[in-house]
Amino acid sequence: DVKVTQSSRYLVKRTGEKVFLECVQDMDHENMFWYRQDPGLGLRLIYFSYDVKMKEKGDIPEGYSVSREKKERFSLILESASTNQTSMYLCASSLSGRVGYYGYTFGSGTRLTVV
Amino acid sequence: KNQVEQSPQSLIILEGKNCTLQCNYTVSPFSNLRWYKQDTGRGPVSLTIMTFSENTKSNGRYTATLDADTKQSSLHITASQLSDSASYICVVSVSGGANNLFFGTGTRLTVIP
């Protein structure tokens, strides 16, 4: 069964901490994505990557950075966590090619609370 | 501005009843539309995908329709079960680029016994 695995289901961090969210996929997908999901706002794209060491800003990249050193792993970094970054974070991956046709496989999400 | 709007925001139905969720979009150029189901605390899982030429597609008790002329889609759930309680998200893809997905904010469905 193919999977996108996010390392933590729940995290509680303090304001100002550096936070790492890890995502690993076992499908050899080229594209990987980080979204945050907030009530009433839906999923918003933070960053995505279409190849190793490549990254592109999404709609809301401020306060975040990413790292993709290996094809299967895509990390989201909160350089200095703030309370407004409390959210559900979803990682996804997809094959390259026809946009959206192959669908995204999502991880189970990480619910981050910044206190 | 490209948008995907879903209605209703939330819905409560009795077990065994049918329901229909709506998705209207303004994105262009349209590539495909997908409905996802998201259980509480989990990531979204794809239910159906529809391209421009398809107007109906079924997946068990789920039937999606697409009217590309009016830019509307619906998801019909037949004989609802308690396990159908979830958020249903409409996602529209546009042509071109590595990321061109537009997400609706979802409909929260609760099925009660």
# chains A, B, ... in the order shown; residues from 1 in each chain; ligands from 1
call {"tool": "interface_residues", "arguments": {"of": "chain A", "to": "chain B", "cutoff": "9 Å", "atoms": "only C-alpha atoms", "output": "NGL selection string"}}
result
:A and (9 or 31 or 33 or 39-44 or 48-50 or 58 or 88 or 90-92 or 96-101 or 103-111)
call {"tool": "write_last_selection", "arguments": {"atoms": "N, CA, C and O atoms", "output": "compact mmCIF listing (two decimals), in the first residue's frame"}}
result
# COMPACT_ATOMS: atom_id res chain seq x y z
N ARG A 9 1.86 13.11 14.47
CA ARG A 9 0.44 13.44 14.34
C ARG A 9 0.11 14.72 15.10
O ARG A 9 -0.70 15.52 14.64
N ASN A 31 6.74 15.01 -7.46
CA ASN A 31 6.21 16.24 -6.84
C ASN A 31 5.84 16.00 -5.39
O ASN A 31 5.22 14.99 -5.05
N PHE A 33 4.41 18.34 -1.81
CA PHE A 33 3.73 19.58 -1.45
C PHE A 33 3.54 19.66 0.07
O PHE A 33 3.34 18.65 0.73
N PRO A 39 -9.77 26.04 9.51
CA PRO A 39 -11.24 26.07 9.35
C PRO A 39 -11.68 27.27 8.53
O PRO A 39 -11.26 28.40 8.77
N GLY A 40 -12.54 27.00 7.55
CA GLY A 40 -13.08 28.07 6.73
C GLY A 40 -12.17 28.57 5.63
O GLY A 40 -12.60 29.33 4.76
N LEU A 41 -10.91 28.13 5.65
CA LEU A 41 -9.97 28.60 4.63
C LEU A 41 -9.54 27.49 3.68
O LEU A 41 -8.93 27.75 2.66
N GLY A 42 -9.82 26.26 4.03
CA GLY A 42 -9.43 25.17 3.17
C GLY A 42 -7.94 24.93 3.18
O GLY A 42 -7.23 25.37 4.08
N LEU A 43 -7.46 24.24 2.19
CA LEU A 43 -6.03 23.95 2.08
C LEU A 43 -5.34 25.08 1.33
O LEU A 43 -5.78 25.51 0.27
N ARG A 44 -4.25 25.54 1.90
CA ARG A 44 -3.45 26.58 1.27
C ARG A 44 -2.03 26.08 1.09
O ARG A 44 -1.43 25.53 2.02
N PHE A 48 6.11 23.82 -2.64
CA PHE A 48 6.13 22.54 -3.31
C PHE A 48 7.48 22.33 -3.98
O PHE A 48 8.29 23.26 -4.13
N SER A 49 7.70 21.08 -4.36
CA SER A 49 8.98 20.70 -4.96
C SER A 49 8.71 19.71 -6.07
O SER A 49 7.95 18.76 -5.89
N TYR A 50 9.30 19.94 -7.22
CA TYR A 50 9.08 19.03 -8.34
C TYR A 50 10.32 18.20 -8.66
O TYR A 50 10.35 17.46 -9.64
N GLY A 58 4.62 28.58 -2.63
CA GLY A 58 3.20 28.49 -2.89
C GLY A 58 2.53 29.82 -2.60
O GLY A 58 3.11 30.88 -2.81
N MET A 88 -3.28 22.65 11.03
CA MET A 88 -3.06 21.28 10.54
C MET A 88 -2.18 21.39 9.30
O MET A 88 -2.50 22.15 8.39
N LEU A 90 -0.51 19.42 6.11
CA LEU A 90 -0.67 18.23 5.28
C LEU A 90 0.42 18.19 4.22
O LEU A 90 0.64 19.16 3.51
N CYS A 91 1.05 17.04 4.12
CA CYS A 91 2.02 16.79 3.07
C CYS A 91 1.34 15.96 1.99
O CYS A 91 0.46 15.12 2.29
N ALA A 92 1.71 16.17 0.73
CA ALA A 92 1.14 15.38 -0.36
C ALA A 92 2.21 15.14 -1.40
O ALA A 92 3.21 15.86 -1.49
N SER A 96 4.60 13.39 -11.70
CA SER A 96 4.65 14.53 -12.61
C SER A 96 3.80 14.22 -13.83
O SER A 96 3.31 13.11 -13.99
N GLY A 97 3.60 15.18 -14.69
CA GLY A 97 2.77 14.95 -15.86
C GLY A 97 1.49 15.75 -15.76
O GLY A 97 1.47 16.85 -15.22
N ARG A 98 0.41 15.17 -16.22
CA ARG A 98 -0.87 15.88 -16.25
C ARG A 98 -1.25 16.36 -14.86
O ARG A 98 -1.43 15.56 -13.95
N VAL A 99 -1.41 17.65 -14.75
CA VAL A 99 -1.65 18.22 -13.42
C VAL A 99 -2.94 17.69 -12.84
O VAL A 99 -3.99 17.73 -13.46
N GLY A 100 -2.84 17.19 -11.64
CA GLY A 100 -4.03 16.77 -10.91
C GLY A 100 -4.60 15.43 -11.37
O GLY A 100 -5.38 14.83 -10.65
N TYR A 101 -4.23 14.96 -12.57
CA TYR A 101 -4.89 13.75 -13.07
C TYR A 101 -4.55 12.54 -12.22
O TYR A 101 -5.40 11.71 -11.94
N GLY A 103 -3.76 12.59 -9.26
CA GLY A 103 -4.22 12.81 -7.90
C GLY A 103 -3.07 13.00 -6.94
O GLY A 103 -1.93 12.71 -7.25
N TYR A 104 -3.40 13.52 -5.83
CA TYR A 104 -2.44 13.67 -4.77
C TYR A 104 -2.67 12.56 -3.75
O TYR A 104 -3.82 12.23 -3.43
N THR A 105 -1.59 12.05 -3.21
CA THR A 105 -1.70 11.18 -2.05
C THR A 105 -1.27 12.01 -0.85
O THR A 105 -0.17 12.55 -0.83
N PHE A 106 -2.17 12.10 0.10
CA PHE A 106 -1.92 12.94 1.26
C PHE A 106 -1.44 12.09 2.44
O PHE A 106 -1.83 10.92 2.60
N GLY A 107 -0.64 12.72 3.26
CA GLY A 107 -0.32 12.13 4.55
C GLY A 107 -1.48 12.35 5.51
O GLY A 107 -2.47 12.98 5.17
N SER A 108 -1.34 11.82 6.72
CA SER A 108 -2.40 11.91 7.71
C SER A 108 -2.44 13.25 8.41
O SER A 108 -3.38 13.53 9.15
N GLY A 109 -1.43 14.06 8.18
CA GLY A 109 -1.44 15.39 8.76
C GLY A 109 -0.71 15.48 10.09
O GLY A 109 -0.60 14.49 10.83
N THR A 110 -0.21 16.67 10.38
CA THR A 110 0.39 16.99 11.67
C THR A 110 -0.35 18.19 12.23
O THR A 110 -0.40 19.24 11.60
N ARG A 111 -0.94 17.97 13.39
CA ARG A 111 -1.61 19.11 14.04
C ARG A 111 -0.61 19.80 14.95
O ARG A 111 -0.19 19.25 15.97
call {"tool": "select_by_dssp", "arguments": {"residues": "chain B", "states": "strand (DSSP E or B)", "output": "ChimeraX atom specification"}}
result
/B:4-7,10-14,19-25,30-38,45-51,56-59,62-67,72-77,86-94,101-103,107-112
call {"tool": "closest_residue", "arguments": {"among": "B:Glu54, B:Pro8, B:Val27, B:Gly60", "to": "B:Ser80", "atoms": "only C-alpha atoms"}}
result
B:Gly60
call {"tool": "atom_distance", "arguments": {"atom1": "atom CA of A:Cys23", "atom2": "atom CA of A:Gln6"}}
result
4.6 Å
call {"tool": "residues_around", "arguments": {"residues": "B:Leu47", "least_positions_apart": "3", "cutoff": "9 Å", "atoms": "only C-alpha atoms", "output": "short mmCIF file (atom, residue, chain, number, x, y, z; two decimals) with N, CA and C atoms, in the first residue's frame"}}
result
data_model
loop_
_atom_site.label_atom_id
_atom_site.label_comp_id
_atom_site.auth_asym_id
_atom_site.auth_seq_id
_atom_site.Cartn_x
_atom_site.Cartn_y
_atom_site.Cartn_z
N ARG B 34 -11.78 16.84 -8.98
CA ARG B 34 -11.70 15.66 -8.11
C ARG B 34 -12.41 15.95 -6.81
N TRP B 35 -13.12 14.94 -6.31
CA TRP B 35 -13.71 15.01 -4.98
C TRP B 35 -12.87 14.17 -4.02
N TYR B 36 -12.58 14.77 -2.87
CA TYR B 36 -11.83 14.08 -1.83
C TYR B 36 -12.72 13.94 -0.58
N LYS B 37 -12.49 12.86 0.14
CA LYS B 37 -13.11 12.67 1.45
C LYS B 37 -12.03 12.77 2.51
N SER B 58 -19.23 7.21 -10.96
CA SER B 58 -19.64 6.62 -9.69
C SER B 58 -18.51 5.85 -9.03
N ASN B 59 -18.56 5.84 -7.72
CA ASN B 59 -17.63 5.06 -6.91
C ASN B 59 -18.45 4.52 -5.74
N TYR B 62 -21.14 6.70 -4.00
CA TYR B 62 -20.82 8.08 -4.36
C TYR B 62 -20.96 8.26 -5.87
#
